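Each remark here refers to the structure printed beneath this line.
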Amino acid sequence: MGNRYNFNEIELKWQRYWAQRGFHQTKKDASLKKFYCLEMFPYPSGKIHMGHVRNYAIGDVIARYKLMRGFNVLHPMGWDAFGLPAENAAIKNNVHPAKWTYENIDYMKRQLNRMGLSYDWNREVTTCSPEYYKWNQWFFLKLYEMGLAYKKASYVNWCPSCATVLANEQVIDDKCWRCDSIVSQKELEQWFFKITHYAEDLLKGCDELSGWPERVVMMQKNWIGKSKGVEVDFPIVGYDESLRIFTTRPDTLFGVTFMCIAPMHPFTKRLDINQPQIEQIIAKYGRMEEKEGFFTGYYAVNPLNNEKVPIYVANFVLMEYGTGAIMSVPAHDQRDFEFAAKYGIPIKTVIIPEDVSEDWRDGLKAAYEDEGILVDSGDFSGLNNDMAKGRIIRYIEDRGIGKGMVNFKLRDWGISRQRYWGTPIPIVYCKRCGIVPVPENELPVILPEDVRFSGTGGSPLLESEAFLKVKCYKCGGYARRETDTMDTFVDSSWYFAAYCIKEGFQDEDSKEKTYEPIDLKSTINNEHSSINYWMPVDQYIGGIEHAVLHLLYSRFFTRVLKELGINSTAEPFLNLLTQGMVCKETYRCAKHEWLFPEEVKGSVCIHCGGMVEKGRTEKMSKSRKNVVDPDMLIQRYGADTIRLFALFAAPPERDLEWSDKGVEGASRFLNRLWTIVHKNIKPFEKKSLPENLRSLLSSFKPETVSLLRKAHQTIRKVTNDIDKDYHFNTAIAALMELLNEISSFEMINDEDRAVSHFAVKNTLLMIAPFAPHIAEELWEAIGERNSIFQHGWPVWDEELAKDEDVELVIQVNGKLRAKLLIPAGLSYDEAKKIALEVPKITEIIGDKEIKNIVVVKGRLVNIVC
RNA sequence: GCCGGAGUGGCGGAAUUGGUAGACGCAAGGGACUUAAAAUCCCUCGCAGCUUGCUGUGUACGAGUUCGAGUCUCGUCUCCGGCACCA
């Protein structure tokens with residue numbers, strides 16, 4: 001590697017330079033245009049992985065670019081530091097979660113700095129520190145006051161392996177999102193945040209998320225899941241009560257042939273119903289393979305046509321949605337159809353297709369769920385079913401047997417976790433006073449450190465007498481502390497606001513005073529607060545895996561912030577970039593499962609000699625043995641190369657296939673840049689372009705003009721590519737093209753040297769956000785004094801970027817037949833004339849009659865004959 | 001099943017409002033330098049055919065609109081992602 005540049009030396013040099021000068025700190029001047037660039041903060045698991053590298057490289061380019069564009073840039077970083085792995089490590093290695101976590105943070109912070117990321121570390125937040133989680137507790141109290149935090153007994157998702165409760169969002173295919181264990185149902189007393197209070201608003205807000213990827217917005221909408229319908233009461237025969245159901249299909253009410261209630265519906269306990277059968281259904285809950293149920297022995301009356309219909313218990317009816325009871329219309333609902341077929345329940349058609357020519361009534365094989373005309377539906381017969389919906393709802397409301405209703409799939413957010421390493425919930429239980437919140441001035445409730453980690457399940461907090469025993473804040477009597485901690489998603493639901501405030505004052509008039517690092521209280525009703533200055537986040541960057549969980553919770557919390565008068569906007573993230581995964585090819589052998597590439601010789605497993613099958617490229621993961629270690633790469637190629645490759649190999653939102661050879665390519669490019677600049681440092685001493693450049697242009701040799709033009713075109717292209725959807729890959733490609741032209745350019749006279757210098761200077765400026773260290777170093781080498789980032793982003797001259805000659809494409813009947821260079825700006829008629837004079841074209845046309853000639857100015861002529 | 005997104009060389013990927021398909025990079029082949037290798041530099045590179053410069057063909061498949069379609073419309077297939085008994 002003889003003449004390669006010493007990246008290690010220069011990268012450390014500039015990292016020191018930036019750090020010593022506080023280069024990445026924000027300016028405390030509220031009159032400046034701000035740009036808040038945020039990447040999802042990592043969980044301090046030990047080391048950073050390639051996904052982090054990609055995420056943070058993308059964010060760093062944006063932050064540095066905006067800095068060069070003159071924005072006051074907030075680019076912070078922190079640690080999502082509470083969570084289960086720390087506790088598991090404690091059990092396994094007998095090390096306290098705090099120690100484990102902070103050591104990991106130290107290591108990872110060094111790694112991030114080694115990448116040359118432009119973070120303002122003064123604003124670093126660590127969620128497991130009391131200065132941070134105090135405010136989680138403060139939020140809890142506020143939500144409790146607002147009636148948005150409450151406790152209730154409910155069936156919850158229970159992961160037996162993690163010994164904790166999971167939110168609905170954390171259950172994937174009936175399995176724990178973290179450990180893949182089958183999740184069961186367990187009845188527990190839990191704290192909930194009433195996110196459903198904002199269901200309508202969160203849904204409406206989706207329309208404002210124009211800076212988000214469409215599919216993420218769609219996923220949020222689906223998750224909130226609004227449906228409009230009607231609730232109707234069906235009187236139970238021989239009983240003084242009604243069964244209330246919810247339906248979105250009031251138009252099918254006349255086709256009801258049975259009813260279904262959830263196994264956990266209150267009626268199943270109140271009425272005399274076969275309990276063992278219910279138990280059986282509940283046991284299989286969550287893992288049901290087919291529709292099952294049984295007849296309760298009771299009947300209900302359809303209030304619309306007074307028909308008597310049987311009531312079933314059915315496993316597919318959810319207690320948590322609607323009323324926990326449904327009307328069943330097998331003719332027009334596939335699910336009901338299957339249930340009816342299985343249990344021999346009659347099917348009654350009430351909607352027929354408008355085109356009745358087919359035999360719609362005979363041998364129905366599936367439910368008819370499309371539009372049509374109502375039949376056998378009393379006064380509503382003959383109506384279009386869609387129109388009938390509204391009328392039937394009105395009829396129901398007029399008769400007082402039900403009312404129009406909106407339902408959401410979104411459930412309240414269960415935040416209780418039976419774990420140690422999280423924020424203690426600031427509540428005590430008093431025999432006399434019941435649930436008593438910890439008063440605000442007693443915060444934070446500190447997580448005790450002197451606990452043991454046995455690993456036998458259950459929270460270690462239960463064993464800490466000092467923590468557990470407490471005086472009631474109301475009556476002074478004996479009380480017990482809540483031992484559950486909060487879901488760690490609470491921590492990440494507002495950290496973006498914490499960054500804003502960590503540094504304190506924004507301007508002198510502000511009444512905001514930061515007596516402690518994150519004082520949310522001081523910002524209440526202060527429109528000049530730093531939160532209001534920096535929020536919302538202008539660009540948020542992270543993985544698609546948070547499309548519902550974290551992003552939805554953050555939107556919820558930001559609404560609470562707004563209600564508290566802390567923040568003035570309801571939406572936290574203006575623009576969202578969801579970067580793709582980092583993938584790599586995999587290898588597997590029949591005996592030894594997944595293999596590291598080193599374990600494959602030729603196409604044979606080195607352990608057993610068996611044939612190795614090349615697996616698909618998959619997301620890098622330890623289990624697939626296809627990870628590459630960022631430390632190793634930085635050691636071998638330097639941070640600039642890794643960053644450049646991660647940005648060049650694919651557009652940010654797409655998956656990136658890792659390629660060792662591709663990294664070599666990026667490295668080659670930077671080395672080429674290095675040698676070309678160094679080769680030319682002497683000639684560059686004669687450097688400035690003449691003032692009257694344009695008038696001199698005609699005296700320059702064509703190559704010189706061409707390089708000048710290329711430089712201006714590249715500035716235009718790179719700027720547009722970054723501004724428009726962050727197309728870094730094509731921006732880098734354009735810079736490569738420019739460097740190719742610079743390298744083949746021969747300098748003969750002073751103006752050549754000046755133009756070449758101009759091209760190099762701008763190449764460095766444009767490469768700076770991508771590969772900041774080498775850019776700084778070469779910037780210095782060509783004689784510039786200040787940091788390259790203090791220089792503004794280059795601007796192009798539209799005149800100089802204009803092509804002199806353009807290639808005119810001549811088509812005959814849409815087929816490419818000739819190309820020739822013509823001066824730019826020729827008129828239609830001139831272009832036409834030139835095209836018709838090309839010998840080859842006249843030959844092709846021959847004596848055919850020309851029917852039409854289409855001219856696209858400066859591009860092509862199409863002769864139709 | 002429903003809702004999204006995507007299909008372009010050996011590979012990653014480029015292609016403004018429809019206007020030269022394959023930018024840039026990787027891999028491959030050839031050459032220069034070298035005792036040799038590495039590094040570097042130069043040339044070739046969608047496929048097929050031959051007269052080596054041209055002709056034909058080509059963006060998952062089939063139609064259509066258009067002077068002209070990777071791009072627009074309809075249909076089909078495949079892949080990926082999300083939701084999945086939500087009444």
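Ordered as shown in the structure tokens, chains take letters A, B, and onward, while each chain numbers its residues from 1 and ligands are numbered from 1 in the order shown.
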
Quick one: everything within 12 Å of G62 (chain B), counting only C-alpha atoms (C1' of nucleotides), minus sequence neighbours fewer than 3 positions away in the same chain. Send it as a short mmCIF file (atom, residue, chain, number, x, y, z; two decimals) with C-alpha atoms (C1' of nucleotides), in the first residue's frame.
data_model
loop_
_atom_site.label_atom_id
_atom_site.label_comp_id
_atom_site.auth_asym_id
_atom_site.auth_seq_id
_atom_site.Cartn_x
_atom_site.Cartn_y
_atom_site.Cartn_z
"C1'" C B 74 -54.91 -1.85 -18.87
"C1'" G B 75 -54.00 -6.99 -17.95
"C1'" U B 76 -50.49 -11.06 -16.25
"C1'" C B 77 -46.34 -12.99 -13.49
#

| task | Give as JSON, numbers by chain every residue of chain A that touches chain B within 8 Å, counting only C-alpha atoms (C1' of nucleotides). | result | {"A": [1, 2, 3, 215, 218, 219, 222, 223, 225, 246, 247, 248, 316, 317, 321, 322, 326, 327, 335, 409, 649, 650, 657, 661, 662, 665, 730, 732, 733, 734, 736, 737, 809, 813, 814, 816, 852, 853, 854, 856, 859, 860, 862, 863, 864]}

Give me a file of those residues, with N, CA and C atoms, as a tab-separated table (two decimals), in the first residue's frame.
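Full text of again-v1.tsv as output:
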chain	number	residue	atom	x	y	z
A	1	MET	N	0.84	-1.20	0.00
A	1	MET	CA	0.00	0.00	0.00
A	1	MET	C	0.87	1.25	0.00
A	2	GLY	N	1.95	1.17	-0.68
A	2	GLY	CA	3.02	2.17	-0.69
A	2	GLY	C	2.56	3.62	-0.64
A	3	ASN	N	1.95	4.11	-1.72
A	3	ASN	CA	1.74	5.55	-1.78
A	3	ASN	C	0.34	5.98	-1.36
A	215	ARG	N	-45.11	4.98	2.84
A	215	ARG	CA	-45.47	3.71	3.45
A	215	ARG	C	-45.45	3.78	4.98
A	218	MET	N	-48.68	5.27	5.90
A	218	MET	CA	-49.71	4.24	5.71
A	218	MET	C	-49.72	3.27	6.89
A	219	MET	N	-48.55	2.87	7.34
A	219	MET	CA	-48.46	1.94	8.45
A	219	MET	C	-49.03	2.56	9.73
A	222	ASN	N	-52.84	2.55	9.34
A	222	ASN	CA	-53.38	1.21	9.55
A	222	ASN	C	-53.34	0.82	11.02
A	223	TRP	N	-52.30	1.23	11.68
A	223	TRP	CA	-52.16	0.86	13.08
A	223	TRP	C	-53.24	1.55	13.92
A	225	GLY	N	-56.07	2.60	12.69
A	225	GLY	CA	-57.19	1.79	12.23
A	225	GLY	C	-58.58	2.31	12.57
A	246	PHE	N	-71.05	-3.92	17.60
A	246	PHE	CA	-70.57	-2.87	16.70
A	246	PHE	C	-70.44	-3.46	15.30
A	247	THR	N	-70.91	-2.70	14.31
A	247	THR	CA	-70.74	-3.16	12.94
A	247	THR	C	-70.45	-1.99	12.01
A	248	THR	N	-69.66	-2.27	10.97
A	248	THR	CA	-69.42	-1.26	9.93
A	248	THR	C	-70.34	-1.52	8.75
A	316	PHE	N	-62.75	-16.03	17.59
A	316	PHE	CA	-62.17	-14.95	16.78
A	316	PHE	C	-62.68	-13.57	17.16
A	317	VAL	N	-63.59	-13.52	18.12
A	317	VAL	CA	-64.11	-12.22	18.54
A	317	VAL	C	-63.23	-11.67	19.66
A	321	TYR	N	-61.80	-4.98	21.10
A	321	TYR	CA	-62.22	-4.13	19.99
A	321	TYR	C	-63.73	-4.04	19.95
A	322	GLY	N	-64.24	-2.86	19.64
A	322	GLY	CA	-65.69	-2.67	19.56
A	322	GLY	C	-66.32	-2.97	20.91
A	326	ILE	N	-70.41	-9.36	18.24
A	326	ILE	CA	-70.69	-9.01	16.86
A	326	ILE	C	-71.98	-9.65	16.38
A	327	MET	N	-72.55	-9.04	15.36
A	327	MET	CA	-73.63	-9.70	14.63
A	327	MET	C	-72.97	-10.43	13.47
A	335	ARG	N	-65.70	-14.42	6.92
A	335	ARG	CA	-65.39	-15.04	8.20
A	335	ARG	C	-66.64	-15.67	8.81
A	409	LYS	N	-58.48	0.73	16.07
A	409	LYS	CA	-57.73	-0.47	16.45
A	409	LYS	C	-56.71	-0.14	17.53
A	649	ALA	N	-22.91	3.32	-2.40
A	649	ALA	CA	-23.34	2.01	-2.91
A	649	ALA	C	-24.83	1.92	-3.22
A	650	ALA	N	-25.64	2.73	-2.59
A	650	ALA	CA	-27.09	2.69	-2.83
A	650	ALA	C	-27.71	3.98	-2.32
A	657	GLU	N	-26.21	-3.48	-0.27
A	657	GLU	CA	-25.51	-4.75	-0.25
A	657	GLU	C	-24.03	-4.49	-0.04
A	661	LYS	N	-15.19	-5.40	-2.20
A	661	LYS	CA	-14.54	-4.81	-3.37
A	661	LYS	C	-14.98	-3.37	-3.58
A	662	GLY	N	-16.26	-3.14	-3.27
A	662	GLY	CA	-16.79	-1.79	-3.43
A	662	GLY	C	-16.08	-0.82	-2.50
A	665	GLY	N	-13.02	0.30	-4.01
A	665	GLY	CA	-13.28	1.32	-5.02
A	665	GLY	C	-13.35	2.71	-4.40
A	730	THR	N	-25.66	9.52	-6.44
A	730	THR	CA	-25.42	10.19	-7.73
A	730	THR	C	-24.58	11.45	-7.54
A	732	ILE	N	-22.08	11.68	-5.46
A	732	ILE	CA	-20.71	11.17	-5.42
A	732	ILE	C	-20.24	10.76	-6.82
A	733	ALA	N	-21.14	10.16	-7.58
A	733	ALA	CA	-20.80	9.78	-8.96
A	733	ALA	C	-20.39	11.01	-9.76
A	734	ALA	N	-21.11	12.11	-9.55
A	734	ALA	CA	-20.79	13.34	-10.28
A	734	ALA	C	-19.41	13.86	-9.88
A	736	MET	N	-16.96	12.02	-8.90
A	736	MET	CA	-16.00	11.12	-9.52
A	736	MET	C	-15.76	11.53	-10.97
A	737	GLU	N	-16.85	11.89	-11.65
A	737	GLU	CA	-16.71	12.34	-13.04
A	737	GLU	C	-15.83	13.59	-13.12
A	809	VAL	N	-29.73	14.39	-31.62
A	809	VAL	CA	-30.09	13.02	-31.99
A	809	VAL	C	-31.09	13.08	-33.13
A	813	ASN	N	-38.56	7.71	-37.84
A	813	ASN	CA	-39.64	6.88	-37.29
A	813	ASN	C	-39.32	6.37	-35.87
A	814	GLY	N	-38.72	7.28	-35.11
A	814	GLY	CA	-38.47	6.93	-33.70
A	814	GLY	C	-37.23	6.11	-33.47
A	816	LEU	N	-33.12	5.70	-33.61
A	816	LEU	CA	-31.91	6.49	-33.64
A	816	LEU	C	-31.11	6.19	-34.90
A	852	ASN	N	-44.12	14.06	-41.16
A	852	ASN	CA	-44.07	14.94	-40.00
A	852	ASN	C	-42.63	15.00	-39.51
A	853	ILE	N	-42.28	16.14	-38.93
A	853	ILE	CA	-40.96	16.24	-38.29
A	853	ILE	C	-41.16	16.80	-36.88
A	854	VAL	N	-40.74	16.03	-35.89
A	854	VAL	CA	-40.86	16.49	-34.50
A	854	VAL	C	-39.50	16.96	-34.05
A	856	VAL	N	-37.35	18.39	-30.73
A	856	VAL	CA	-37.23	18.77	-29.32
A	856	VAL	C	-35.98	19.61	-29.22
A	859	ARG	N	-32.22	18.77	-28.40
A	859	ARG	CA	-32.12	17.36	-28.09
A	859	ARG	C	-32.21	16.46	-29.32
A	860	LEU	N	-33.35	16.54	-29.97
A	860	LEU	CA	-33.52	15.59	-31.06
A	860	LEU	C	-34.49	16.05	-32.15
A	862	ASN	N	-37.04	14.08	-34.90
A	862	ASN	CA	-37.61	12.80	-35.32
A	862	ASN	C	-38.37	12.99	-36.62
A	863	ILE	N	-37.87	12.30	-37.66
A	863	ILE	CA	-38.50	12.43	-38.98
A	863	ILE	C	-39.44	11.25	-39.20
A	864	VAL	N	-40.71	11.55	-39.44
A	864	VAL	CA	-41.70	10.49	-39.62
A	864	VAL	C	-42.02	10.37	-41.10

| said: List as a PyMOL selection string the protein and nucleic acid residues near region 549-556 of chain A, meaning an atom at most 8 Å away when only C-alpha atoms (C1' of nucleotides) are counted, but skip any in the same chain fewer than 3 places from it. | reply: chain A and resi 169+195+198+202+220+489-490+492-494+546+559-560+570-572

| note | Closest of A:Phe700, A:Tyr155, A:Phe728, A:Phe139 to Pro651 (chain A), counting only C-alpha atoms, is A:Phe728

| message | As an exercise, work out the distance from CA of Ile62 (chain A) to CA of Val718 (chain A) in Å and give it to one decimal place. | response |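 So the two atoms, CA of Ile62 (chain A) and CA of Val718 (chain A), lie 12.8 Å apart.
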
| message | According to DSSP computed on the backbone, where in region 366-488 of chain A is there helix (DSSP H, G or I)? Give the residues as an MDAnalysis selection string. | response | chainID A and resid 378:380 385:399 440:442 460:463 465:468 488
